[in-house]
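*Asks:* There's a structure below that I have some questions on.
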Amino acid sequence: RAAHHGRDSRTAVPVLLALANEVEEVRLRANALREGKSNEVYDGELNCSIRIIDDICDILAQSLGRHASSAANATDNQRNNLCFIADSRSVLGRETTLISSCCKDLARILDTALARNSGRKAREMELSPQDQQTAIVMVRLIANITYQCRYNQDLLRITPVPIADFAYDTSASPNNAAGTHSNAGLSIERTGLHVVLSATSLSPACFTLREWCIIAIRNAVEGNAANAETVRRLEGNEVMGDTPELQRMGVKVEMDKKGNVHVKRRDS
């Protein structure tokens with residue numbers, strides 16, 4: 001297993017890069033089928049493609065998430081592995097469109113769900129099992145690829161993610177059709193960071209999604225003042241609350257009187 005041995009790490013990074021490129025090819029095909037630009041070669045090709053995308057992204061998320069060991073107590077092989085994982089995050093962020101694609105897949109699920117569940121209470125929100133799986137995998141991958149990687153953190157903040165035309169009443173809010181939303185009277189283009197924050201609204205219909213969103217937000221703002229400021233300025237629609245999972249992660253989420261969300265370590 002190349003990812004488990006420092007001496008083989010030089011082959012592991014190209015393998016992860018190849019997987020990332022492969023999933024982008026499958027995603028292009030899935031998008032063409034979803035948008036009606038191409039016909040299925042066989043019955044169920046779109047569903048099969050979606051599952052392939054989820055499976056490969058899950059492999060990448062697991063591979064990039066091996067950072068639990070403390071560097072101070074790690075063995076030489078573990079330190080080598082940590083270095084390899086850090087290199088992998090950087091390479092995948094710089095040489096693929098993985099972050100952008102994950103954000104767009106997550107945004108598609110978010111926009112569709114909000115449109116379909118318009119007028120319903122949060123606890124009545126519904127997501128298909130496939131959309132639940134995809135949302136969790138995409139947020140998990142975003143969380144792990146941004147961990148202690150400044151380039152990917154910044155990329156998440158600046159990557160534009162248009163809002164689907166059907167998701168909102170564009171006659172009432174023209175800016176939404178262009179992929180923007182309003183905050184304190186200002187027109188703000190939606191980015192990957194906004195999508196991850198907004199994805200917490202799907203948590204009533206998707207078990208564990210909220211916790212993975214919190215991990216992604218924490219990893220995105222850690223050591224990154226610009227991202228932390230972006231999160232601070234966004235108005236929260238609801239308190240994300242406290243759960244045993246968040247307690248184990250050492251994270252707390254607070255919202256001040258103005259509705260601004262703050263992600264903090266518990267020892268702060």
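Chain labels A, B, ... are given in the sequence in which chains occur in the structure tokens; within each chain residues are numbered consecutively from 1, and ligands are likewise numbered from 1 in the order shown.
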Please produce, as a Markdown table, a per-residue contact table for region 8-69 of chain A versus region 92-108 of chain A (criterion: any atom at most 9 Å away, only C-alpha atoms considered), showing the nearest atom pair and its distance in Å to one decimal, sorted by chain then residue number.

*Replies:*
| residue | atom | partner | partner_atom | distance |
| --- | --- | --- | --- | --- |
| A:Val13 | CA | A:Leu92 | CA | 8.8 |
| A:Leu16 | CA | A:Leu92 | CA | 7.9 |
| A:Leu17 | CA | A:Leu92 | CA | 6.2 |
| A:Ala20 | CA | A:Leu98 | CA | 6.8 |
| A:Asn21 | CA | A:Thr96 | CA | 6.9 |
| A:Val23 | CA | A:Leu98 | CA | 8.6 |
| A:Glu24 | CA | A:Leu98 | CA | 7.3 |
| A:Arg27 | CA | A:Ser101 | CA | 8.3 |
| A:Cys57 | CA | A:Cys102 | CA | 8.9 |

*Asks:* Please provide the set of residues having any atom within 7 Å of Arg157 (chain A), restricted to only C-alpha atoms, with same-chain residues fewer than 3 positions apart removed, written as a list in words.

*Replies:*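 Near Arg157 (chain A), the qualifying residues are Gln153, Asp154, Thr191, Gly192, Leu193 and Asn227 of chain A.
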
*Asks:* Using only C-alpha atoms for the distances, tell me which of A:Leu155, A:Val137, A:Cys206, A:Ile59 is nearest to Arg123 (chain A).

*Replies:*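 Ranked by minimum distance to Arg123 (chain A), first place goes to A:Cys206.
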
*Asks:* Name all residues at most 10 Å from Ala143 (chain A) (count only C-alpha atoms; drop same-chain ones fewer than 4 positions away) and give them as a VMD selection string.

*Replies:* chain A and resid 61 64 to 65 137 to 139 147 153 196 212 to 220

*Asks:* What is the CA of Leu156 (chain A)-CA of Arg190 (chain A) distance in Å, reported with one decimal?

*Replies:* 10.8 Å

*Asks:* What's the 12 Å shell around Met125 (chain A), counting only C-alpha atoms, without same-chain residues fewer than 2 positions away, as a list in words?

*Replies:*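 Near neighbours after the sequence-gap exclusion: Leu110, Thr112, Ala113, Leu114, Ala115, Arg116, Asn117, Ser118, Gly119, Arg120, Lys121, Ala122, Arg123, Leu127, Ser128, Gln132, Ser201, Leu202, Ser203, Pro204, Ala205 and Cys206 of chain A.
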
*Asks:* Could you go through region 3-68 of chain A and tell me which residues DSSP, when run on the backbone, assigns to alpha helix (DSSP H), listing them as a ChimeraX atom specification?

*Replies:* /A:9-34,45-64

*Asks:* Calculated over only C-alpha atoms, which of the candidates A:Thr200, A:Ser63, A:Asn31, A:Thr159 has the smallest distance to Ala135 (chain A)?

*Replies:*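 The answer is A:Thr200, which sits nearest to Ala135 (chain A).
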
*Asks:* Do you have the CA of Ile136 (chain A)-CA of Glu22 (chain A) distance handy?

*Replies:* 20.1 Å

*Asks:* Using only C-alpha atoms for the distances, tell me which of A:Arg34, A:His194, A:Arg232, A:Arg89 is nearest to Ala12 (chain A).

*Replies:*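 Among the listed residues, the smallest separation from Ala12 (chain A) belongs to A:Arg89.
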